[in-house]
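A short worksheet on the structure shown next.
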Amino acid sequence: MPRYAKRVGRKVGLSPGTLIAGESKRTGPVGIAVIDYNEVLFNERIIARVEDVLPYRDSPTVSWINIDGIHDLALIDQIGTHFGLHPLVMEDIATAGQRPKIEDFGDYLFITLTMLEIAPSGQVEHDEISLLVGSNYVLSFQESTGDCFNPVRERLRSGKGKLRKSGSDYLAYALIDTVVDNYFVVLEKLGEHFETLQEQVVADPTPQTLHTINRLKSDMLFIRKAVWPLRDVIAGLQRGDSQLMTRPTEIYLRDVHDHVIQVIDTIETFRDMLSGMLDIYLSSVSNRLNSVMKVLTIIATIFIPLTFIAGVYGMNFRYMPELEWPFGYPIIMALMFAIGLGMLVWFRRKNWL
Amino acid sequence: MPRYAKRVGRKVGLSPGTLIAGESKRTGPVGIAVIDYNEVLFNERIIARVEDVLPYRDSPTVSWINIDGIHDLALIDQIGTHFGLHPLVMEDIATAGQRPKIEDFGDYLFITLTMLEIAPSGQVEHDEISLLVGSNYVLSFQESTGDCFNPVRERLRSGKGKLRKSGSDYLAYALIDTVVDNYFVVLEKLGEHFETLQEQVVADPTPQTLHTINRLKSDMLFIRKAVWPLRDVIAGLQRGDSQLMTRPTEIYLRDVHDHVIQVIDTIETFRDMLSGMLDIYLSSVSNRLNSVMKVLTIIATIFIPLTFIAGVYGMNFRYMPELEWPFGYPIIMALMFAIGLGMLVWFRRKNWL
Amino acid sequence: MPRYAKRVGRKVGLSPGTLIAGESKRTGPVGIAVIDYNEVLFNERIIARVEDVLPYRDSPTVSWINIDGIHDLALIDQIGTHFGLHPLVMEDIATAGQRPKIEDFGDYLFITLTMLEIAPSGQVEHDEISLLVGSNYVLSFQESTGDCFNPVRERLRSGKGKLRKSGSDYLAYALIDTVVDNYFVVLEKLGEHFETLQEQVVADPTPQTLHTINRLKSDMLFIRKAVWPLRDVIAGLQRGDSQLMTRPTEIYLRDVHDHVIQVIDTIETFRDMLSGMLDIYLSSVSNRLNSVMKVLTIIATIFIPLTFIAGVYGMNFRYMPELEWPFGYPIIMALMFAIGLGMLVWFRRKNWL
Amino acid sequence: MPRYAKRVGRKVGLSPGTLIAGESKRTGPVGIAVIDYNEVLFNERIIARVEDVLPYRDSPTVSWINIDGIHDLALIDQIGTHFGLHPLVMEDIATAGQRPKIEDFGDYLFITLTMLEIAPSGQVEHDEISLLVGSNYVLSFQESTGDCFNPVRERLRSGKGKLRKSGSDYLAYALIDTVVDNYFVVLEKLGEHFETLQEQVVADPTPQTLHTINRLKSDMLFIRKAVWPLRDVIAGLQRGDSQLMTRPTEIYLRDVHDHVIQVIDTIETFRDMLSGMLDIYLSSVSNRLNSVMKVLTIIATIFIPLTFIAGVYGMNFRYMPELEWPFGYPIIMALMFAIGLGMLVWFRRKNWL
Amino acid sequence: MPRYAKRVGRKVGLSPGTLIAGESKRTGPVGIAVIDYNEVLFNERIIARVEDVLPYRDSPTVSWINIDGIHDLALIDQIGTHFGLHPLVMEDIATAGQRPKIEDFGDYLFITLTMLEIAPSGQVEHDEISLLVGSNYVLSFQESTGDCFNPVRERLRSGKGKLRKSGSDYLAYALIDTVVDNYFVVLEKLGEHFETLQEQVVADPTPQTLHTINRLKSDMLFIRKAVWPLRDVIAGLQRGDSQLMTRPTEIYLRDVHDHVIQVIDTIETFRDMLSGMLDIYLSSVSNRLNSVMKVLTIIATIFIPLTFIAGVYGMNFRYMPELEWPFGYPIIMALMFAIGLGMLVWFRRKNWL
């Protein structure tokens, strides 16, 4: 199964909202980190027991509850029930491989995003983020540990900027913005391959080059699949349908929307460049081989008439006057040399060399 | 006739609503299974005579009447007339190869779906399902026996989940959801071919590989044809135009809608990957052949000048001083060896070997 | 001029509505057949003089006036003037090669359709039908004699079904439905070529195969040109803008609309399959040729080193010790045999044979 | 600069409405022809001085003022100022290479069209027409002399048809209709190449054929660029936004709209056919070359083993028993003949000949 | 990193509106030029200290403040704060590589444009322009010194035309118009390559040709990326949503809109032509090589049978009657000549020469 088709094969016909463990092999405890703040207060803690999460639902301060791992279905169920989530939302949180989407349930928004990352192997990896935005809390669920949200945490800790002064909608914006900014980083890293590829493809095309072009092409497909639906998601947020999004935040969302469009533009440009490279690769490979064939054929062709002449004077006829001439041999050798040279000149004049 | 073009050739110019036997060669009795339930009652039976179906139309409980076979036109006509179906609906039920669609007739909804299955031979097969959703019944017609609805039956029997507590609209949703979930299973099975194909296409491309790529491509065309219109069908259901769909069910339909879009996404990704594979296949095949040609041509080219030299010293001129030299033969042999070696070195330096 | 571009070259700058004879070389009298009916009455006659057509305009019964031939411009003019047709409508009727369209003139609808047929030669031929639908009449103009409307005539004669009980709008529907059903027949006949083609393309690709693929491709282009605009025509009819279409007929039109979409789907599938076949054809042809070249080159390559060895021992050096050996000849022959065999083994190991 | 990119390079940053001489090298006087008419009056004259044009603005009759040449900027300026044209309109009139467009300035409509023509050289040439439609006048500006409007002039002179009875809007319609009808003529002339091309491409593909295909392709691009925007122009006119277009004329415009769509359809069909031809051309060329290579290689391959055998018996070993046999020579010759024949038979059986 | 993907990699997760220095390596003072005018007054000065800019915000005259350099973040911050700009706008100004866009902030409009230029090296270079249009000022920020606005400055100095008589909206229009007109210049310069390319591609295709085609293709991609979004930007301006745009200016904007569409049309035509050229290039290259191979193979093929015959008469059989014939040698030579000639004739008749 290629990674592009993840999520196929969930249990068919189960009651919707049934939580089933995903493909993830992760086990062990799930990390729950809570940051609770308003303009003056700031409180950050790691929580071990689920029960301790629940009071944050009704606290007047803004609470960001980040849950690191979606394999503990009991925990998702407990939190979901407490925060009044729809069973389908809980199922979506527990299932990896969701398409980015937004759903408005009135008193909370459910947003799914894909976080991208380049693994040390150069492979593009993804991690799904589910955000639940209520009037005074943001719940974020991640598939695996390690995320790109540290700058947001720092901004919360430092208390600088608008973040501590704003509500949960602005926090949600900040998280989405960070995910989108991270796409630029991933594209930049992939883009670094392009210049070397572009030289390789002309100067020294190997099957490895073709392989790299194809890998980048499928990376682009993969990223595109993650980013395209996000455009509509953010457009939906920004259009102001939801009560939870305040007007000032909408201006910021317009900015994220622009960034997403820029990401899509860049992906499309990369895809166009990769097609162009494939064309040049194929043309280069066939050019190189053809030039090999051409030189070899030219060598063969020059010697074939000469070999024929040598064959003629190797015939055993009794009466062959040339064979008796004292200068027969040097004359014929000179003739052969002249023919060979003549053909070379002709080839060069026809521009075949 | 390829299976992609089924349904062509119905009798031209007949009065609409005329029931004509489809291509199906099935004969024999048609199985009618009724499940009648509400939150407390549950009754499941197999019915032999059509007349016994009719009372379920007006029973206050929800009745799911599943008819296994569409070749008995008299039966369809009888049921259709009793349930007040439009003649065109009856014609559509009896004709295999319908495009997925939804039609709202006020007091009932007519929905056509395609159920997919991978036959043991690896062939993708389809079975058309017609659903008729009334206020307290669901009629389902299937082309052949054997379906993917057993998990739904189990959920009805067990009485767990929302199914027994909800109306006919939720039952219709559950059936559609099961069909759509099954698409993931089919795609997953097809996707298993991809990894091996991707290796084959680079390492050992045979005409068989091309054949497999093309078969998968036409499978994708086929599935796409079944799934694309379904998107609009479910969007139509979910938009809430019909009185028969209750608001809570619409949220569940939104979920199915998401799944259908994911199926379409996966199909498109598979199609893109197959095109990429075709490119690599063609490039691989031509590379392999070209490398054969190249080595062979190199061998030929090395020996052609050598054969020429041998020819020269095979000439019968009376006066050829080299022939008389005591070391003429080893000198010439050494010369030939040097030329052959020189060419090999030159080829290698030019990177042709 | 290919048939795809018919209708080009009408007289430029003429007053609109000027009737000019089309490309058709037909002359001679035009057949006018009238079927006049209501639920109880039925009257069918062939009319010779145009004047006899005119009373049917105002008769309370439904009249279907079928005119077989559009080359008699005086007749079109006379009928058009009597039925109050717009000059542009008369021009359109008289000009072959119209695009399917619908125009609503308030008291009558003008509909253009293309009837397709497979000629005995296998060529797809078309015949344009113009329908004029008034409140109690349908005028139908055909380019040539012979149509697919006989089943409709039979239904009218027999009086069974809804046809005799309904108005002129239902008659128009019945005619359109018959034309659309006929597309399935044409596609089915074309589809029969596909299976043999698909085998041929792999097993025995000849230039004839390419020709057939291209002919089918242009047939598909041609049919698509006739069917695509029809979708909008029927959608327009069905949308209920016109007073002339009654509500029950609109449900039937929805059915025709579905059929047109199925025809379009089938055309697109056929087009996709034809592109796929073209790919396989090109790949097959090049594979076959390459395998020829490969075997031939292998034979040549094996003998070239052997010929060189023979050439060496054909040299006339005075001192060549091997020549004097008693077993020189068999040793060299054995050596040659060994080299030849060695190369064969090497080729086979490299998988080139 | 290819003609496709005309109009690039106007002076950057000039005040809008600044009239600058176009690329046209035409100088000399500009022809002004006025036709002034109503149902009873008809007056046609050639005007030398601009001042004489001006009274027609306010005359109650309909005046068609045709200006043949756009290089006399003073004249355009004078007329424009008198008729109250916006400076941008005057700039657009004076600049060749406009895209077809319509602009509604309330008391006049500004319409730009492209007139196409096939030059004797077979090149498609274009001439831009600017129409200004006021309530009782039509101003038409042409780049060069010679147009396709003579039939309209004839209709005006004869007084037959609706033209003399209608207003300036119908005159504008008649001019547009003539331009569009002329597209059919151009396409018909281009289409004449198609049948010969289609034969050539299969039977005798030369580089010239490729060149013709490419020229036709770029002709199609060129025509498409002229026709596509016209569709929206006429849709705009017909939609009835402007006070200047009367309702009856709108029905005629609908007819032109249909014609434009037919032109676009034909262009698209031609483009599809040209792509198909390119495929066949490439396939034909490679087939022809491959069949040459194949026959040549077969000849070479048959003689290579034979030459080897001859080489063997040309060796100078002292002890070669066959050489002494009395029938050695005919036996070997017969053997060679048998081998050659055997290979021919094998080739034929493998279907390589 | 190719230039197409600029702007990727901004600092992830920073507070929005944080000004960070772009990639630009420019340092040093930033040039600020102010032109302050109304119909009668005109004042042009270079400003060194930021404080001197501020009074222009509230002056009743129209002020065009052009800032040449975006690397001095303190300056942008100071101006932005004084003019009441949104932090995100300041961030966008300071970040190079924005997508063209328009944002309406009520009391000012923020417009981003890309200015294109062909560097002496032939490379297409871009410079981002940010325009801020208030009711009586226009702020313009440029990435680097040197722009195409000098004609606008001249028009302001001369006082001719509408410019001095109109408000800031017309000045903004004039600047945008100048940028768009400049695209025509860039396209014209690129277009000059096309004619030579089109000849080269047929007559003398070199890998350099392929390289040029690809460079032009990516230039087109690049320009398209700059121009496409501009269409919507200007459509947005022209639609009249903003209070800042007066009705007369909207007519002028319609004109710019037309020009942008013409630029897009030209780009698309160029792209189509480049694809066509790529096809011809590939076909030409393979044609040329094939013709080389063909002639060479023909030469080889003629000599192979002749060499075989020479080999036959070089055999050392004791009994070969021909060898003893007095005219054996000339007969065989004549035979060889006849065979060679016969093959040449046959080749020519088969049209292979």
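Chain lettering (A, B, ...) mirrors the order of the structure tokens, residue numbering begins at 1 for each chain separately, and ligand numbering begins at 1 in order of display.
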Proximity of chain C to chain A: per-residue shortest pair, 12 Å limit, only C-alpha atoms, as a tab-separated table:
residue	atom	partner	partner_atom	distance
C:Ile304	CA	A:Ala300	CA	11.7
C:Thr307	CA	A:Thr307	CA	11.9
C:Phe308	CA	A:Thr307	CA	11.2
C:Gly311	CA	A:Gly311	CA	9.7
C:Gly314	CA	A:Gly314	CA	8.8
C:Met315	CA	A:Gly314	CA	8.9
C:Asn316	CA	A:Gly314	CA	9.3
If DSSP is run on the backbone, what residues of segment 103-164 of chain D are strand (DSSP E)? A reply as JSON, numbers by chain would be ideal. {"D": [103, 104, 109, 110, 111, 112, 113, 114, 115, 116, 117, 118, 124, 125, 126, 127, 128, 129, 130, 131, 132, 133, 137, 138, 139, 140, 141, 142]}
Residue contacts of segment 243-254 of chain C (6 Å, only C-alpha atoms) excluding same-chain residues fewer than 2 positions away, as a ChimeraX atom specification: /C:169-170,238,256-257
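The shortest atom-to-atom distance to Pro60 of chain A, with only C-alpha atoms taken into account, belongs to A:Tyr137 out of A:Leu73, A:Phe42, A:Tyr137, A:Val30.
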re atom CA of Val260 of chain B and atom CA of Met90 of chain A: distance 19.2 Å
As a PyMOL selection string, please: the residues near Leu210 of chain D (cut-off 9 Å, only C-alpha atoms, same-chain neighbours under 6 positions excluded). (chain D and resi 201+278+281-282) or (chain E and resi 280)
Nearest to Asp265 of chain E by atom-to-atom distance, counting only C-alpha atoms, from D:Gly236, D:Gly97, D:Glu154, D:Tyr319: D:Gly97
Tell me, as an mmCIF file with N, CA and C atoms, in the first residue's frame, which residues lie within 10 Å of Ile93 of chain E, counting only C-alpha atoms; anything in the same chain fewer than 2 positions away does not count.
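And here is the file that came out, around.cif:
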data_model
loop_
_atom_site.group_PDB
_atom_site.id
_atom_site.type_symbol
_atom_site.label_atom_id
_atom_site.label_comp_id
_atom_site.auth_asym_id
_atom_site.auth_seq_id
_atom_site.Cartn_x
_atom_site.Cartn_y
_atom_site.Cartn_z
ATOM 1 N N LEU E 19 8.241 42.324 11.411
ATOM 2 C CA LEU E 19 9.028 42.677 10.229
ATOM 3 C C LEU E 19 10.360 41.961 10.311
ATOM 4 N N ILE E 70 13.217 48.183 0.507
ATOM 5 C CA ILE E 70 12.334 47.679 1.557
ATOM 6 C C ILE E 70 13.134 47.000 2.653
ATOM 7 N N HIS E 71 14.448 47.267 2.691
ATOM 8 C CA HIS E 71 15.283 46.570 3.667
ATOM 9 C C HIS E 71 15.401 47.338 4.980
ATOM 10 N N LEU E 73 13.762 48.202 7.849
ATOM 11 C CA LEU E 73 12.498 47.844 8.483
ATOM 12 C C LEU E 73 12.011 48.931 9.430
ATOM 13 N N ILE E 76 10.036 51.401 7.384
ATOM 14 C CA ILE E 76 8.705 50.906 7.022
ATOM 15 C C ILE E 76 7.788 50.966 8.233
ATOM 16 N N GLY E 80 4.564 53.160 8.282
ATOM 17 C CA GLY E 80 3.343 52.366 8.437
ATOM 18 C C GLY E 80 2.538 52.820 9.637
ATOM 19 N N PRO E 87 -0.553 45.857 10.690
ATOM 20 C CA PRO E 87 0.760 45.178 10.774
ATOM 21 C C PRO E 87 1.014 44.202 9.632
ATOM 22 N N LEU E 88 -0.043 43.481 9.184
ATOM 23 C CA LEU E 88 0.155 42.505 8.114
ATOM 24 C C LEU E 88 0.559 43.185 6.812
ATOM 25 N N VAL E 89 0.040 44.389 6.573
ATOM 26 C CA VAL E 89 0.406 45.143 5.383
ATOM 27 C C VAL E 89 1.887 45.480 5.446
ATOM 28 N N MET E 90 2.344 45.922 6.616
ATOM 29 C CA MET E 90 3.761 46.259 6.761
ATOM 30 C C MET E 90 4.615 45.019 6.520
ATOM 31 N N GLU E 91 4.172 43.884 7.053
ATOM 32 C CA GLU E 91 4.921 42.651 6.817
ATOM 33 C C GLU E 91 4.987 42.341 5.325
ATOM 34 N N THR E 95 8.291 41.977 2.781
ATOM 35 C CA THR E 95 8.630 40.644 2.281
ATOM 36 C C THR E 95 8.569 40.646 0.764
ATOM 37 N N ALA E 96 9.666 40.305 0.120
ATOM 38 C CA ALA E 96 9.651 40.211 -1.343
ATOM 39 C C ALA E 96 8.910 38.945 -1.749
ATOM 40 N N GLY E 97 8.511 38.856 -3.003
ATOM 41 C CA GLY E 97 7.919 37.628 -3.533
ATOM 42 C C GLY E 97 6.454 37.463 -3.249
ATOM 43 N N GLN E 98 5.741 38.568 -2.974
ATOM 44 C CA GLN E 98 4.303 38.483 -2.786
ATOM 45 C C GLN E 98 3.612 38.152 -4.097
ATOM 46 N N PHE E 110 -4.540 48.464 -0.355
ATOM 47 C CA PHE E 110 -3.191 47.924 -0.444
ATOM 48 C C PHE E 110 -3.122 47.048 -1.697
ATOM 49 N N ILE E 111 -2.242 47.413 -2.613
ATOM 50 C CA ILE E 111 -2.133 46.703 -3.891
ATOM 51 C C ILE E 111 -0.691 46.227 -4.063
ATOM 52 N N THR E 112 -0.516 44.976 -4.435
ATOM 53 C CA THR E 112 0.817 44.456 -4.738
ATOM 54 C C THR E 112 0.880 44.093 -6.203
ATOM 55 N N GLU E 128 9.122 43.773 -6.979
ATOM 56 C CA GLU E 128 7.778 43.899 -6.441
ATOM 57 C C GLU E 128 7.461 45.344 -6.103
ATOM 58 N N ILE E 129 6.250 45.769 -6.422
ATOM 59 C CA ILE E 129 5.788 47.118 -6.087
ATOM 60 C C ILE E 129 4.615 46.990 -5.125
ATOM 61 N N SER E 130 4.674 47.682 -4.011
ATOM 62 C CA SER E 130 3.506 47.760 -3.126
ATOM 63 C C SER E 130 2.933 49.172 -3.235
ATOM 64 N N LEU E 131 1.655 49.252 -3.523
ATOM 65 C CA LEU E 131 1.002 50.570 -3.590
ATOM 66 C C LEU E 131 0.028 50.698 -2.429
ATOM 67 N N LEU E 132 0.056 51.845 -1.762
ATOM 68 C CA LEU E 132 -0.958 52.145 -0.755
ATOM 69 C C LEU E 132 -1.686 53.382 -1.222
ATOM 70 N N SER E 140 4.325 54.294 -2.647
ATOM 71 C CA SER E 140 4.788 53.165 -3.450
ATOM 72 C C SER E 140 6.126 52.682 -2.917
ATOM 73 N N PHE E 141 6.201 51.374 -2.640
ATOM 74 C CA PHE E 141 7.432 50.761 -2.144
ATOM 75 C C PHE E 141 8.012 49.868 -3.234
ATOM 76 N N GLN E 142 9.319 50.035 -3.487
ATOM 77 C CA GLN E 142 9.965 49.185 -4.489
ATOM 78 C C GLN E 142 11.124 48.433 -3.850
ATOM 79 N N GLU E 143 11.383 47.252 -4.367
ATOM 80 C CA GLU E 143 12.459 46.420 -3.844
ATOM 81 C C GLU E 143 13.818 47.024 -4.175
#
Contacts of Arg49 of chain C within 10 Å, only C-alpha atoms, excl. fewer than 2 positions in-chain, as a PyMOL selection string: chain C and resi 30-32+46-47+51-54+75
Can you write just those residues out, N, CA, C and O atoms, as a PDB file, in the first residue's frame?
ATOM      1  N   VAL C  30     -41.297  16.013 -51.842  1.00  0.00           N
ATOM      2  CA  VAL C  30     -41.030  15.828 -50.423  1.00  0.00           C
ATOM      3  C   VAL C  30     -42.214  15.087 -49.825  1.00  0.00           C
ATOM      4  O   VAL C  30     -43.357  15.420 -50.123  1.00  0.00           O
ATOM      5  N   GLY C  31     -41.920  14.069 -48.976  1.00  0.00           N
ATOM      6  CA  GLY C  31     -43.010  13.318 -48.369  1.00  0.00           C
ATOM      7  C   GLY C  31     -43.537  14.015 -47.128  1.00  0.00           C
ATOM      8  O   GLY C  31     -42.764  14.410 -46.264  1.00  0.00           O
ATOM      9  N   ILE C  32     -44.839  14.170 -47.046  1.00  0.00           N
ATOM     10  CA  ILE C  32     -45.455  14.762 -45.851  1.00  0.00           C
ATOM     11  C   ILE C  32     -46.408  13.735 -45.268  1.00  0.00           C
ATOM     12  O   ILE C  32     -47.352  13.315 -45.934  1.00  0.00           O
ATOM     13  N   ILE C  46     -50.926  10.321 -45.910  1.00  0.00           N
ATOM     14  CA  ILE C  46     -49.825  10.921 -46.650  1.00  0.00           C
ATOM     15  C   ILE C  46     -50.403  12.074 -47.452  1.00  0.00           C
ATOM     16  O   ILE C  46     -51.455  11.928 -48.086  1.00  0.00           O
ATOM     17  N   ILE C  47     -49.738  13.210 -47.401  1.00  0.00           N
ATOM     18  CA  ILE C  47     -50.284  14.401 -48.039  1.00  0.00           C
ATOM     19  C   ILE C  47     -49.427  14.784 -49.225  1.00  0.00           C
ATOM     20  O   ILE C  47     -48.196  14.735 -49.165  1.00  0.00           O
ATOM     21  N   GLU C  51     -51.168  22.606 -49.128  1.00  0.00           N
ATOM     22  CA  GLU C  51     -52.350  23.265 -48.589  1.00  0.00           C
ATOM     23  C   GLU C  51     -53.081  22.371 -47.593  1.00  0.00           C
ATOM     24  O   GLU C  51     -53.670  22.851 -46.613  1.00  0.00           O
ATOM     25  N   ASP C  52     -53.013  21.048 -47.851  1.00  0.00           N
ATOM     26  CA  ASP C  52     -53.736  20.127 -46.982  1.00  0.00           C
ATOM     27  C   ASP C  52     -53.125  20.038 -45.581  1.00  0.00           C
ATOM     28  O   ASP C  52     -53.743  19.525 -44.657  1.00  0.00           O
ATOM     29  N   VAL C  53     -51.893  20.490 -45.441  1.00  0.00           N
ATOM     30  CA  VAL C  53     -51.257  20.455 -44.119  1.00  0.00           C
ATOM     31  C   VAL C  53     -51.849  21.518 -43.210  1.00  0.00           C
ATOM     32  O   VAL C  53     -51.995  21.337 -42.004  1.00  0.00           O
ATOM     33  N   LEU C  54     -52.192  22.615 -43.810  1.00  0.00           N
ATOM     34  CA  LEU C  54     -52.464  23.805 -43.023  1.00  0.00           C
ATOM     35  C   LEU C  54     -53.604  23.668 -42.027  1.00  0.00           C
ATOM     36  O   LEU C  54     -53.484  24.166 -40.897  1.00  0.00           O
ATOM     37  N   LEU C  75     -41.745  24.871 -50.134  1.00  0.00           N
ATOM     38  CA  LEU C  75     -42.602  24.168 -49.187  1.00  0.00           C
ATOM     39  C   LEU C  75     -42.311  24.610 -47.753  1.00  0.00           C
ATOM     40  O   LEU C  75     -43.234  24.910 -46.984  1.00  0.00           O
TER      41      LEU C  75
END
Need the shell around Ser218 of chain C: protein/DNA/RNA residues with any atom at most 12 Å away, counting only C-alpha atoms. Skip same-chain ones fewer than 5 positions apart. Format as a short mmCIF file (atom, residue, chain, number, x, y, z; two decimals) with C-alpha atoms, in the first residue's frame?
data_model
loop_
_atom_site.label_atom_id
_atom_site.label_comp_id
_atom_site.auth_asym_id
_atom_site.auth_seq_id
_atom_site.Cartn_x
_atom_site.Cartn_y
_atom_site.Cartn_z
CA PRO C 2 -14.40 16.43 -43.86
CA ARG C 3 -17.97 15.85 -42.74
CA TYR C 4 -17.10 17.33 -39.34
CA GLN C 123 -19.45 4.77 -41.30
CA VAL C 124 -21.42 6.77 -38.72
CA LEU C 190 -19.14 0.73 -32.33
CA HIS C 211 -6.32 3.37 -38.82
CA THR C 212 -9.27 1.75 -37.07
CA ILE C 213 -8.33 3.40 -33.77
CA ILE C 223 -20.97 11.76 -31.87
CA ARG C 224 -19.82 13.90 -28.99
CA LYS C 225 -20.43 16.99 -31.08
CA ILE C 267 -18.34 8.35 -25.15
CA PHE C 270 -14.56 5.01 -25.16
CA ARG C 271 -12.28 7.97 -25.79
CA LEU C 274 -8.96 4.55 -27.41
CA SER C 275 -6.12 6.69 -26.05
CA THR D 269 -12.73 19.64 -34.07
CA PHE D 270 -10.00 20.78 -36.44
CA ARG D 271 -7.57 21.04 -33.56
CA ASP D 272 -8.42 17.54 -32.38
CA MET D 273 -8.00 16.24 -35.93
CA LEU D 274 -4.65 17.98 -36.27
CA SER D 275 -3.38 16.39 -33.05
CA GLY D 276 -4.56 13.03 -34.34
CA MET D 277 -2.71 13.68 -37.61
#
Secondary structure check, helix (DSSP H, G or I) residues of segment 187-244 of chain E, as a PyMOL selection string: chain E and resi 187-203+207-238
